[in-house]
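Next comes coords35.txt, a file with compact mmCIF, C-alpha atoms.
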```txt
# COMPACT_ATOMS: atom_id res chain seq x y z
CA MET R 1 -50.37 -22.60 -10.24
CA ASP R 2 -50.69 -25.51 -7.79
CA ARG R 3 -49.46 -24.51 -4.32
CA ARG R 4 -47.52 -27.77 -4.07
CA VAL R 5 -45.30 -26.97 -7.09
CA LEU R 6 -41.76 -26.82 -5.72
CA GLY R 7 -39.88 -26.83 -9.02
CA HIS R 8 -40.45 -26.20 -12.68
CA LEU R 9 -38.45 -27.50 -15.65
CA ALA R 10 -38.88 -26.21 -19.18
CA PHE R 11 -36.99 -27.52 -22.21
CA GLY R 12 -37.36 -27.30 -25.97
CA VAL R 13 -37.18 -29.44 -29.06
CA ILE R 14 -33.38 -29.25 -29.27
CA GLU R 15 -33.03 -31.26 -26.05
CA GLU R 16 -35.53 -33.83 -27.37
CA HIS R 17 -33.61 -34.08 -30.64
CA LYS R 18 -30.32 -34.69 -28.82
CA ALA R 19 -31.92 -37.29 -26.55
CA ILE R 20 -33.48 -39.24 -29.45
CA SER R 21 -30.26 -39.09 -31.48
CA THR R 22 -28.31 -40.35 -28.50
CA ALA R 23 -30.84 -43.14 -27.88
CA LEU R 24 -30.63 -44.27 -31.51
CA ASN R 25 -26.84 -44.32 -31.51
CA GLU R 26 -26.41 -46.10 -28.20
CA ASN R 27 -25.36 -49.74 -28.55
CA GLY R 28 -26.28 -49.82 -32.26
CA ALA R 29 -29.98 -49.50 -31.42
CA LEU R 30 -30.97 -48.32 -34.89
CA GLN R 31 -29.24 -51.23 -36.66
CA LYS R 32 -30.79 -53.72 -34.25
CA MET R 33 -34.27 -52.32 -34.83
CA ALA R 34 -33.91 -52.55 -38.60
CA GLU R 35 -32.59 -56.10 -38.46
CA GLU R 36 -35.41 -57.16 -36.17
CA ALA R 37 -37.99 -55.56 -38.45
CA VAL R 38 -36.98 -57.48 -41.56
CA LYS R 39 -37.01 -60.74 -39.61
CA LYS R 40 -40.70 -60.42 -38.83
CA LYS R 41 -42.99 -62.83 -40.60
CA SER R 42 -45.31 -60.03 -41.69
CA SER R 43 -42.44 -58.38 -43.57
CA ALA R 44 -41.33 -61.65 -45.15
CA LYS R 45 -44.83 -62.38 -46.43
CA ALA R 46 -45.11 -58.87 -47.87
CA MET R 47 -41.88 -59.42 -49.80
CA LYS R 48 -42.87 -62.77 -51.23
CA GLY R 49 -40.28 -63.90 -53.74
CA ILE R 50 -37.33 -62.44 -51.82
CA SER R 51 -35.84 -64.78 -49.25
CA GLY R 52 -33.14 -64.36 -46.62
CA MET R 53 -33.78 -60.66 -46.19
CA LYS R 54 -31.27 -58.72 -44.12
CA VAL R 55 -30.25 -55.11 -43.68
CA LYS R 56 -27.04 -54.46 -45.58
CA ASP R 57 -26.76 -50.70 -45.12
CA LEU R 58 -28.59 -48.25 -42.90
CA ARG R 59 -27.83 -44.56 -42.96
CA PRO R 60 -28.43 -42.37 -39.91
CA PRO R 61 -31.94 -40.97 -40.27
CA VAL R 62 -32.49 -37.32 -41.11
CA MET R 63 -34.72 -36.23 -38.27
CA SER R 64 -36.94 -33.22 -37.77
CA LEU R 65 -38.89 -32.60 -34.58
CA ALA R 66 -41.56 -30.12 -33.58
CA LEU R 67 -43.63 -29.68 -30.46
CA SER R 68 -47.38 -30.16 -30.79
CA PRO R 69 -49.18 -27.76 -28.43
CA GLY R 70 -51.35 -29.60 -25.96
CA SER R 71 -50.22 -33.08 -26.98
CA GLY R 72 -46.53 -33.73 -27.30
CA LEU R 73 -44.12 -34.33 -30.13
CA PHE R 74 -44.28 -34.44 -33.92
CA MET R 75 -41.47 -36.44 -35.49
CA ALA R 76 -40.47 -36.68 -39.16
CA LEU R 77 -37.66 -38.98 -40.31
CA LEU R 78 -36.10 -39.66 -43.68
CA ILE R 79 -34.96 -43.28 -43.54
CA GLN R 80 -32.52 -44.64 -46.12
CA MET R 81 -31.62 -48.31 -46.07
CA THR R 82 -30.53 -51.18 -48.28
CA VAL R 83 -32.11 -54.61 -47.84
CA ALA R 84 -30.47 -57.67 -49.40
CA GLY R 85 -31.84 -61.13 -50.14
CA LYS R 86 -32.27 -63.86 -52.76
CA SER R 87 -34.29 -62.74 -55.75
CA PHE R 88 -37.28 -64.67 -57.11
CA ILE R 89 -35.55 -64.53 -60.53
CA GLY R 90 -32.33 -65.96 -59.16
CA GLY R 91 -29.19 -64.47 -57.66
CA ASP R 92 -28.61 -61.84 -55.01
CA MET R 93 -30.84 -58.80 -54.96
CA GLU R 94 -30.42 -55.51 -53.17
CA ILE R 95 -33.21 -52.99 -52.68
CA THR R 96 -32.16 -49.47 -51.74
CA MET R 97 -35.05 -47.38 -50.54
CA ALA R 98 -35.77 -44.01 -48.99
CA ALA R 99 -38.93 -43.43 -47.02
CA ASN R 100 -40.49 -40.64 -45.01
CA LEU R 101 -41.90 -41.54 -41.61
CA THR R 102 -44.08 -39.15 -39.64
CA ALA R 103 -45.38 -39.85 -36.15
CA ASN R 104 -47.20 -38.03 -33.39
CA GLY R 105 -46.14 -38.78 -29.83
CA GLN R 106 -48.45 -38.16 -26.88
CA LEU R 107 -46.59 -36.83 -23.82
CA GLY R 108 -48.06 -37.86 -20.51
CA GLN R 109 -47.12 -39.07 -17.06
CA ASP R 110 -46.48 -42.63 -15.91
CA THR R 111 -47.21 -44.17 -12.52
CA THR R 112 -43.73 -43.37 -11.18
CA GLY R 113 -44.12 -39.65 -11.84
CA SER R 114 -41.87 -39.63 -14.93
CA PRO R 115 -42.71 -38.08 -18.30
CA HIS R 116 -43.86 -40.74 -20.77
CA LEU R 117 -44.17 -40.61 -24.57
CA SER R 118 -46.45 -42.95 -26.51
CA CYS R 119 -47.09 -43.16 -30.26
CA ARG R 120 -50.49 -41.79 -31.20
CA SER R 121 -50.17 -42.14 -34.99
CA CYS R 122 -47.60 -43.21 -37.58
CA HIS R 123 -47.53 -42.82 -41.37
CA THR R 124 -44.96 -43.79 -44.00
CA THR R 125 -44.40 -42.73 -47.60
CA LEU R 126 -42.02 -44.35 -50.06
CA VAL R 127 -39.78 -41.67 -51.59
CA SER R 128 -37.61 -43.75 -53.88
CA VAL R 129 -36.62 -47.36 -54.60
CA ARG R 130 -33.98 -48.94 -56.78
CA THR R 131 -32.36 -52.33 -57.10
CA ASN R 132 -28.99 -53.64 -58.14
CA LEU R 133 -30.54 -55.54 -61.07
CA PRO R 134 -30.42 -54.14 -64.59
CA SER R 135 -33.65 -52.50 -65.74
CA SER R 136 -33.92 -55.13 -68.48
CA MET R 137 -34.35 -57.77 -65.80
CA LEU R 138 -37.13 -55.79 -64.08
CA PRO R 139 -39.93 -54.86 -66.47
CA LYS R 140 -41.99 -51.83 -65.54
CA VAL R 141 -44.81 -54.00 -64.29
CA VAL R 142 -42.42 -55.80 -61.89
CA ASN R 143 -40.89 -52.51 -60.79
CA LYS R 144 -44.37 -51.14 -60.08
CA PHE R 145 -45.24 -54.31 -58.19
CA LEU R 146 -42.09 -53.85 -56.09
CA GLU R 147 -42.98 -50.25 -55.22
CA GLN R 148 -46.54 -51.19 -54.30
CA THR R 149 -45.32 -54.08 -52.17
CA LEU R 150 -42.84 -51.87 -50.34
CA GLN R 151 -45.49 -49.21 -49.79
CA ARG R 152 -47.72 -51.80 -48.10
CA MET R 153 -44.83 -53.23 -46.14
CA LEU R 154 -43.31 -50.00 -44.80
CA PRO R 155 -45.84 -49.28 -42.02
CA ARG R 156 -45.33 -52.78 -40.63
CA LEU R 157 -41.58 -52.50 -41.12
CA LEU R 158 -40.96 -49.02 -39.71
CA CYS R 159 -43.83 -47.95 -37.44
CA PRO R 160 -43.15 -50.49 -34.65
CA ASN R 161 -39.73 -48.88 -34.36
CA VAL R 162 -41.34 -45.59 -33.37
CA ASP R 163 -42.51 -47.26 -30.15
CA THR R 164 -39.00 -48.64 -29.70
CA VAL R 165 -37.45 -45.17 -30.09
CA LEU R 166 -39.96 -43.62 -27.71
CA ASN R 167 -39.29 -46.34 -25.15
CA LEU R 168 -35.57 -45.59 -25.38
CA LEU R 169 -36.41 -41.96 -24.69
CA ASN R 170 -38.77 -42.93 -21.86
CA ALA R 171 -35.91 -44.84 -20.26
CA LYS R 172 -33.98 -41.56 -20.17
CA PHE R 173 -36.97 -39.83 -18.58
CA THR R 174 -37.05 -42.31 -15.68
CA THR R 175 -33.69 -41.08 -14.38
CA MET R 176 -35.50 -37.97 -13.14
CA THR R 177 -37.38 -39.89 -10.45
CA ALA R 178 -34.40 -41.81 -9.08
CA GLU R 179 -33.64 -41.35 -5.39
CA MET R 180 -30.43 -39.38 -4.85
CA PRO R 181 -28.45 -38.94 -1.64
CA LEU R 182 -28.78 -35.57 0.07
CA GLY R 183 -25.40 -35.48 1.76
CA THR R 184 -25.51 -37.85 4.72
CA ALA R 185 -28.91 -36.58 5.88
CA GLY R 186 -31.20 -38.66 3.66
CA THR R 187 -32.47 -38.81 0.10
CA LEU R 188 -34.09 -36.50 -2.44
CA GLN R 189 -36.45 -37.53 -5.23
CA TYR R 190 -38.08 -35.47 -7.98
CA ALA R 191 -41.34 -36.43 -9.68
CA LEU R 192 -44.01 -34.90 -11.88
CA LEU R 193 -46.77 -33.26 -9.90
CA ASN R 194 -48.97 -32.64 -12.94
CA PRO R 195 -48.98 -34.02 -16.50
CA PRO R 196 -46.52 -32.21 -18.81
CA VAL R 197 -47.72 -29.14 -20.69
CA THR R 198 -46.57 -28.66 -24.28
CA SER R 199 -46.54 -25.35 -26.13
CA GLU R 200 -45.09 -24.45 -29.53
CA ALA R 201 -41.78 -23.47 -27.93
CA PHE R 202 -41.11 -25.86 -25.05
CA ILE R 203 -42.30 -28.59 -22.70
CA GLU R 204 -43.09 -27.59 -19.12
CA LEU R 205 -42.87 -29.95 -16.15
CA ASP R 206 -44.26 -29.10 -12.71
CA LEU R 207 -42.12 -30.89 -10.15
CA GLU R 208 -42.72 -32.07 -6.64
CA THR R 209 -39.87 -33.07 -4.37
CA ILE R 210 -39.80 -35.85 -1.80
CA LEU R 211 -37.25 -35.51 0.99
CA HIS R 212 -36.61 -38.44 3.31
CA LEU R 213 -34.33 -38.40 6.31
CA LYS R 214 -31.96 -41.29 6.85
CA GLU R 215 -34.41 -42.97 9.24
CA GLY R 216 -37.12 -42.82 6.58
CA LYS R 217 -39.17 -39.88 7.89
CA GLU R 218 -40.43 -37.50 5.21
CA VAL R 219 -39.46 -33.85 5.68
CA ASP R 220 -42.44 -31.53 6.03
CA LEU R 221 -42.34 -28.48 3.82
CA PRO R 222 -42.53 -25.01 5.35
CA THR R 223 -46.11 -23.77 5.49
CA ASP R 224 -45.37 -20.09 6.12
CA GLN R 225 -43.77 -19.38 2.74
CA PRO R 226 -45.44 -18.44 -0.54
CA PRO R 227 -45.73 -21.08 -3.28
CA LEU R 228 -44.09 -20.90 -6.69
CA ALA R 229 -46.91 -18.74 -7.98
CA SER R 230 -45.49 -17.19 -11.14
CA LEU R 231 -42.70 -18.10 -13.51
CA PRO R 232 -40.01 -15.84 -14.96
CA ALA R 233 -39.72 -15.58 -18.73
CA LYS R 234 -37.82 -18.32 -20.57
CA SER R 235 -35.83 -17.76 -23.75
CA ASP R 236 -35.85 -20.29 -26.58
CA ALA R 237 -32.12 -20.99 -26.32
CA VAL R 238 -32.07 -22.34 -22.77
CA THR R 239 -33.32 -25.17 -20.64
CA GLN R 240 -34.76 -23.57 -17.55
CA LEU R 241 -34.99 -25.08 -14.07
CA ILE R 242 -36.79 -23.12 -11.37
CA LEU R 243 -36.51 -24.21 -7.73
CA SER R 244 -38.80 -22.64 -5.15
CA ALA R 245 -37.46 -21.09 -1.97
CA ASN R 246 -39.94 -23.38 -0.21
CA PHE R 247 -38.20 -26.50 -1.51
CA LEU R 248 -34.70 -25.19 -0.80
CA SER R 249 -35.77 -24.33 2.76
CA ALA R 250 -36.97 -27.92 3.17
CA ALA R 251 -33.63 -29.22 1.87
CA LEU R 252 -31.82 -27.05 4.43
CA SER R 253 -34.15 -28.39 7.11
CA ALA R 254 -33.19 -31.96 6.14
CA LEU R 255 -29.54 -30.97 6.51
CA GLN R 256 -30.17 -29.17 9.81
CA PRO R 257 -28.89 -31.78 12.35
CA PRO R 258 -25.24 -31.47 11.17
CA PHE R 259 -25.49 -27.71 11.83
CA SER R 260 -25.12 -28.34 15.59
CA LEU R 261 -21.64 -27.64 16.92
CA GLU R 262 -19.76 -27.52 20.22
CA ILE R 263 -17.18 -24.73 20.31
CA SER R 264 -14.26 -24.45 22.69
CA ASN R 265 -10.79 -22.93 22.78
CA ASP R 266 -9.58 -25.81 20.62
CA THR R 267 -11.88 -24.78 17.76
CA VAL R 268 -11.49 -20.99 17.92
CA LEU R 269 -8.46 -19.22 16.46
CA GLY R 270 -7.82 -15.49 16.59
CA LEU R 271 -10.59 -14.78 19.09
CA PRO R 272 -10.51 -13.95 22.81
CA PRO R 273 -9.91 -17.07 24.95
CA LEU R 274 -13.10 -18.93 25.74
CA VAL R 275 -12.70 -18.93 29.50
CA THR R 276 -14.82 -17.68 32.38
CA THR R 277 -12.50 -14.69 32.84
CA THR R 278 -13.51 -13.43 29.38
CA LEU R 279 -17.17 -13.61 30.39
CA GLY R 280 -16.35 -11.71 33.56
CA VAL R 281 -14.80 -8.89 31.54
CA LEU R 282 -17.84 -8.68 29.26
CA ILE R 283 -20.42 -9.08 32.04
CA PRO R 284 -18.97 -7.61 35.24
CA GLU R 285 -22.14 -8.24 37.23
CA VAL R 286 -21.65 -12.03 37.08
CA THR R 287 -17.92 -12.04 37.86
CA GLU R 288 -18.39 -13.03 41.48
CA VAL R 289 -20.54 -16.08 40.69
CA LEU R 290 -18.32 -17.43 37.89
CA PRO R 291 -15.65 -20.03 38.64
CA PRO R 292 -12.33 -18.28 37.83
CA SER R 293 -10.28 -19.06 34.69
CA GLN R 294 -12.22 -22.12 33.68
CA PRO R 295 -12.49 -23.18 30.02
CA LEU R 296 -15.87 -22.60 28.40
CA VAL R 297 -17.85 -24.67 25.93
CA ILE R 298 -20.50 -23.08 23.71
CA GLU R 299 -23.06 -25.34 22.05
CA MET R 300 -24.72 -23.91 18.94
CA LEU R 301 -27.97 -25.71 18.22
CA GLU R 302 -30.65 -25.04 15.59
CA VAL R 303 -34.06 -25.01 17.25
CA LYS R 304 -36.25 -24.18 14.25
CA ALA R 305 -36.16 -24.98 10.55
CA PRO R 306 -34.09 -22.51 8.49
CA VAL R 307 -36.03 -20.16 6.22
CA LEU R 308 -34.61 -19.21 2.83
CA THR R 309 -35.76 -16.02 1.13
CA ILE R 310 -34.92 -15.37 -2.53
CA THR R 311 -35.50 -12.12 -4.40
CA PRO R 312 -34.09 -10.63 -7.61
CA ASN R 313 -31.90 -8.40 -5.43
CA GLY R 314 -30.41 -11.03 -3.16
CA SER R 315 -30.99 -14.10 -1.02
CA PHE R 316 -30.58 -14.84 2.67
CA VAL R 317 -31.19 -17.60 5.20
CA GLN R 318 -32.65 -17.06 8.63
CA LEU R 319 -31.19 -19.39 11.27
CA PHE R 320 -32.86 -19.74 14.66
CA SER R 321 -30.31 -20.99 17.18
CA THR R 322 -29.54 -21.30 20.84
CA ALA R 323 -26.07 -20.74 22.25
CA LYS R 324 -25.56 -22.64 25.50
CA PHE R 325 -22.58 -21.56 27.64
CA TRP R 326 -21.22 -23.91 30.25
CA VAL R 327 -17.99 -24.60 32.07
CA SER R 328 -16.05 -27.54 30.67
CA SER R 329 -16.15 -30.39 33.17
CA SER R 330 -16.19 -34.16 33.46
CA ASP R 331 -19.82 -34.05 34.54
CA PRO R 332 -21.80 -36.12 31.99
CA ALA R 333 -24.76 -33.72 32.28
CA PRO R 334 -23.39 -30.25 33.01
CA GLN R 335 -25.84 -27.44 33.63
CA PRO R 336 -25.44 -24.43 31.35
CA LEU R 337 -24.44 -21.12 32.86
CA PHE R 338 -26.94 -19.44 30.56
CA VAL R 339 -28.65 -19.88 27.20
CA LEU R 340 -28.98 -17.23 24.48
CA ASP R 341 -31.54 -17.09 21.70
CA VAL R 342 -29.66 -16.17 18.53
CA HIS R 343 -31.29 -15.16 15.24
CA SER R 344 -28.95 -14.81 12.24
CA ASP R 345 -29.65 -13.41 8.79
CA LEU R 346 -27.05 -14.98 6.51
CA GLU R 347 -26.35 -13.90 2.96
CA VAL R 348 -26.50 -16.78 0.43
CA GLN R 349 -24.46 -17.34 -2.69
CA PHE R 350 -25.47 -20.12 -5.12
CA ALA R 351 -23.18 -22.11 -7.40
CA ILE R 352 -23.14 -25.36 -9.38
CA ALA R 353 -20.46 -27.98 -8.74
CA GLU R 354 -20.47 -31.61 -9.88
CA GLU R 355 -24.02 -31.11 -11.21
CA LYS R 356 -25.32 -30.17 -7.75
CA LEU R 357 -26.54 -26.90 -6.30
CA GLN R 358 -24.20 -25.54 -3.66
CA LEU R 359 -25.04 -22.85 -1.12
CA SER R 360 -22.47 -20.72 0.69
CA LEU R 361 -23.42 -18.58 3.69
CA ALA R 362 -21.89 -15.41 5.13
CA LEU R 363 -22.86 -13.40 8.21
CA PRO R 364 -23.18 -9.61 7.77
CA SER R 365 -24.52 -9.14 11.32
CA LEU R 366 -26.64 -10.76 14.01
CA SER R 367 -30.28 -9.73 14.00
CA ARG R 368 -31.04 -10.80 17.57
CA VAL R 369 -29.34 -12.02 20.74
CA ALA R 370 -31.55 -12.42 23.82
CA LEU R 371 -31.15 -14.13 27.18
CA ALA R 372 -33.39 -17.20 27.28
CA SER R 373 -32.39 -18.65 30.66
CA SER R 374 -29.60 -18.24 33.21
CA SER R 375 -28.30 -19.94 36.35
CA LEU R 376 -26.27 -16.80 37.14
CA GLY R 377 -29.22 -14.49 37.54
CA THR R 378 -30.31 -11.76 35.16
CA PHE R 379 -27.80 -9.61 33.31
CA ASP R 380 -27.49 -7.44 30.20
CA GLU R 381 -26.62 -9.80 27.35
CA LEU R 382 -25.82 -7.05 24.82
CA PRO R 383 -22.03 -7.07 25.52
CA LEU R 384 -22.00 -10.74 24.42
CA LYS R 385 -23.35 -9.94 20.95
CA GLY R 386 -19.94 -9.15 19.47
CA LEU R 387 -18.39 -12.35 20.86
CA VAL R 388 -21.27 -14.48 19.60
CA ALA R 389 -21.11 -12.82 16.15
CA ASP R 390 -17.36 -13.50 15.91
CA ILE R 391 -17.83 -17.15 16.90
CA ILE R 392 -20.64 -17.63 14.38
CA GLN R 393 -18.66 -15.96 11.59
CA GLU R 394 -15.32 -17.67 12.28
CA VAL R 395 -16.45 -21.14 13.39
CA TYR R 396 -20.16 -21.84 13.06
CA VAL R 397 -20.80 -20.57 9.52
CA PRO R 398 -17.72 -22.36 8.08
CA SER R 399 -18.93 -25.62 9.68
CA ILE R 400 -22.34 -25.15 8.03
CA ASN R 401 -20.73 -24.36 4.68
CA ARG R 402 -18.77 -27.62 4.88
CA VAL R 403 -22.12 -29.43 5.05
CA LEU R 404 -23.68 -27.36 2.27
CA CYS R 405 -20.74 -27.80 -0.11
CA LYS R 406 -21.84 -31.41 -0.64
CA GLY R 407 -24.65 -29.94 -2.69
CA ILE R 408 -28.33 -30.49 -3.41
CA PRO R 409 -28.93 -32.91 -6.33
CA LEU R 410 -30.74 -31.51 -9.37
CA PRO R 411 -33.23 -33.30 -11.67
CA ASN R 412 -31.35 -35.74 -13.89
CA LEU R 413 -33.29 -35.41 -17.14
CA LEU R 414 -32.10 -35.78 -20.75
CA ASP R 415 -28.45 -35.34 -19.72
CA ILE R 416 -28.91 -31.66 -18.91
CA THR R 417 -25.52 -30.17 -17.96
CA TYR R 418 -26.24 -27.79 -15.10
CA GLY R 419 -22.58 -26.81 -14.79
CA ARG R 420 -23.12 -24.37 -17.68
CA ALA R 421 -26.14 -22.73 -16.05
CA ASN R 422 -26.54 -19.04 -15.35
CA LEU R 423 -28.06 -18.59 -11.90
CA ARG R 424 -30.33 -15.72 -10.91
CA GLY R 425 -32.83 -14.96 -8.21
CA ALA R 426 -36.52 -14.39 -8.90
CA GLN R 427 -39.26 -13.70 -6.39
CA ASP R 428 -39.31 -16.74 -4.06
CA ALA R 429 -37.38 -18.90 -6.54
CA LEU R 430 -33.93 -19.65 -7.91
CA VAL R 431 -33.66 -19.78 -11.72
CA LEU R 432 -31.08 -21.87 -13.59
CA ASP R 433 -30.82 -21.03 -17.30
CA VAL R 434 -28.79 -23.71 -19.10
CA PRO R 435 -27.66 -22.67 -22.60
CA VAL R 436 -28.61 -25.21 -25.27
CA ALA R 437 -26.12 -26.02 -28.00
CA GLU R 438 -27.60 -26.66 -31.44
CA THR R 439 -26.94 -30.16 -32.81
```
As C-alpha cells, please, write out the structure in this file.
Amino acid sequence: MDRRVLGHLAFGVIEEHKAISTALNENGALQKMAEEAVKKKSSAKAMKGISGMKVKDLRPPVMSLALSPGSGLFMALLIQMTVAGKSFIGGDMEITMAANLTANGQLGQDTTGSPHLSCRSCHTTLVSVRTNLPSSMLPKVVNKFLEQTLQRMLPRLLCPNVDTVLNLLNAKFTTMTAEMPLGTAGTLQYALLNPPVTSEAFIELDLETILHLKEGKEVDLPTDQPPLASLPAKSDAVTQLILSANFLSAALSALQPPFSLEISNDTVLGLPPLVTTTLGVLIPEVTEVLPPSQPLVIEMLEVKAPVLTITPNGSFVQLFSTAKFWVSSSDPAPQPLFVLDVHSDLEVQFAIAEEKLQLSLALPSLSRVALASSSLGTFDELPLKGLVADIIQEVYVPSINRVLCKGIPLPNLLDITYGRANLRGAQDALVLDVPVAET
C-alpha cells in the first residue's frame, strides 16, 4: 500500500442504493427528468402522430445495484410510467409502459480528488405497453407499430437520465473534499489519493488528508511512524473508515499551540500552594537562593509534535513538554528559575460526537522529568516529579481535553452516520465500523 495513505474508506452497494434513491427523490428529480425527456425533439419525432406529450404518472423505479469488480457499478431499473398526448386518430391518448434499463457506471477520480461515476453503457428493453384506447381502435398492426416505435425511442428517452442520476450522485461525492474547520487551529480536507478500487463486495477509497494551519501553512506529517500498511477485515454489513495513527498525530500537531498553558495558584485547586516555600520544602538545597513566599508561575509548553500510537490493546499519546518555573512579577521578561523536560505517556479514549472524532487523554504516570536548565544551580529534580504529575493531571490534561473535545472532522461521504460506529484499535490505525441498515 502507498506510504502516503492516511485513511481508507470502504462501503458497499447498500450505501450506493440509498444515495441514488435519495438523489432521485430530492426536489422531484425523477419527475423533472421524465418531463424533460419527453420534451426533447428526438422523442417527439419518434412518436410521430402523438402531440403534446407529457408525463402523467411516474412510479418510483424498482432498482437493483451490483458492484462490478475493477470498474464500478451495474445498475438495473424497472421504470413504469404513463405518457399522455393527443392521438393521431383523435382524442386524448395515454400510453402506460414498463421498461427495463441496465447501465454500467465507471467509477474513477475527478480533478478535485472526489470519486466520480460516468456511464459506460446503457440498454433498454420494453417489457409491456398498453393504451387507454379500446383494442378495436388499435388494430394489431398499429399496436405492433406502437411497440416498435417505443422500443426505438426508449434509449433516447431514458438513457440520458442515467447521466443525470450519476451526476446527482457525483454531487454527493464532492462533499468529501470540502474544507472543514479543525477547531480554531486551521482546516482539514480529505481527498482521493488513488483511483477507487471496486470488488464484488465493496468500494475501497484510499484517502489523503490535507491539514492547513490558520495562517495557511500545511502541516507536515510525522516521518518516524509506520504507514497504513495493512487493513483489518471488513464485514459486508458495515461501512468501514480506517484512520492512520500518522494522520491523527498530524491532526494533534495542528492543534498543538492551544496546548500551551500558564499555571498559577489561581488555576490549581486541591494541590499544594504554588509558592517558593513549596519549592524549598521539595528541594532543600535551593531554599537559601529562593525569594521567600513568592507566588510561582509554571508555563507548560509543547516543544515537539505529539506522537499517537494505536494498537489492538490500547492507544496512547506521547507529549514532549517543558515546564518553566518562575516567580510571578511585573517584569515583562522574567527569567525562569529553572526549566524541566517533561515526557508524558497519556492514555487515549476515542469517541464520536456530532459526527466528529473526539479524543480524551488521561495520565497514568510521567515517563520522564529532567532538569534542562537552572538559574539556581544544579539540584536533584526527582522530588518535583510528583508535583509536576499532579499539575499535569489536574490542570494541564483537562485543558488539552477541552481543545480535543471540539473533534476532528470525518469524511462527509454519502451521508454516512458515524455516530453509530463501533470504534476499535488496529495496528497503527483506528477503525470505525458503521452498521448499514438495509433499505
Spatial neighbours of Asn194 in chain R, 8 Å, all atoms listed in the file, chain gap at least 6 places, as a compact mmCIF listing (two decimals) with C-alpha atoms, in the frame of the given file:
```txt
# COMPACT_ATOMS: atom_id res chain seq x y z
CA GLN R 109 -47.12 -39.07 -17.06
CA LEU R 205 -42.87 -29.95 -16.15
CA ASP R 206 -44.26 -29.10 -12.71
CA LEU R 207 -42.12 -30.89 -10.15
```
Nearest candidate to Gly407 in chain R (options R:Ser360, R:Asn265, R:Ser87, R:Ser114; using only C-alpha atoms): R:Ser360
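A straight line drawn from CA of Val342 in chain R to CA of Ile283 in chain R is 17.8 Å long.
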Neighbour list for Leu211 in chain R as JSON, numbers by chain, cut-off 6 Å, only C-alpha atoms, skip fewer than 4 positions in-chain: {"R": [187, 188, 218, 219]}
Need the neighbours of (-47.3, -27.9, -16.1): which residues are at most 10 Å away, counting only C-alpha atoms, as a count of residues only? 18
Identify, on the basis of all atoms listed in the file, every residue whose closest approach to Ala305 in chain R does not exceed 12 Å; exclude the query and any residue fewer than 3 positions from it along the same chain; express the result as a ChimeraX atom specification. /R:219-224,246,248-257,259,301-302,308,317-321,343
Length of the CA of Pro272 in chain R to CA of Leu361 in chain R vector [Å]: 23.5 Å
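Reported to one decimal place, the separation of CA of Ser260 in chain R from CA of Lys304 in chain R is 12.0 Å.
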Considering all atoms listed in the file, state which residue in the set R:Asp110, R:Gly70, R:Pro334, R:Lys217 is at the smallest distance from Gly186 in chain R. R:Lys217
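Between Pro383 in chain R and the residues R:Leu282, R:Val289, R:Ala191, R:Met176, the shortest atom-to-atom distance, using all atoms listed in the file, involves R:Leu282.
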Please determine, counting only C-alpha atoms, which residue among R:Val13, R:Leu357, R:Leu65, R:Ile298 has the shortest atom-to-atom distance to Leu241 in chain R.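 Nearest candidate to Leu241 in chain R out of R:Val13, R:Leu357, R:Leu65, R:Ile298: R:Leu357.
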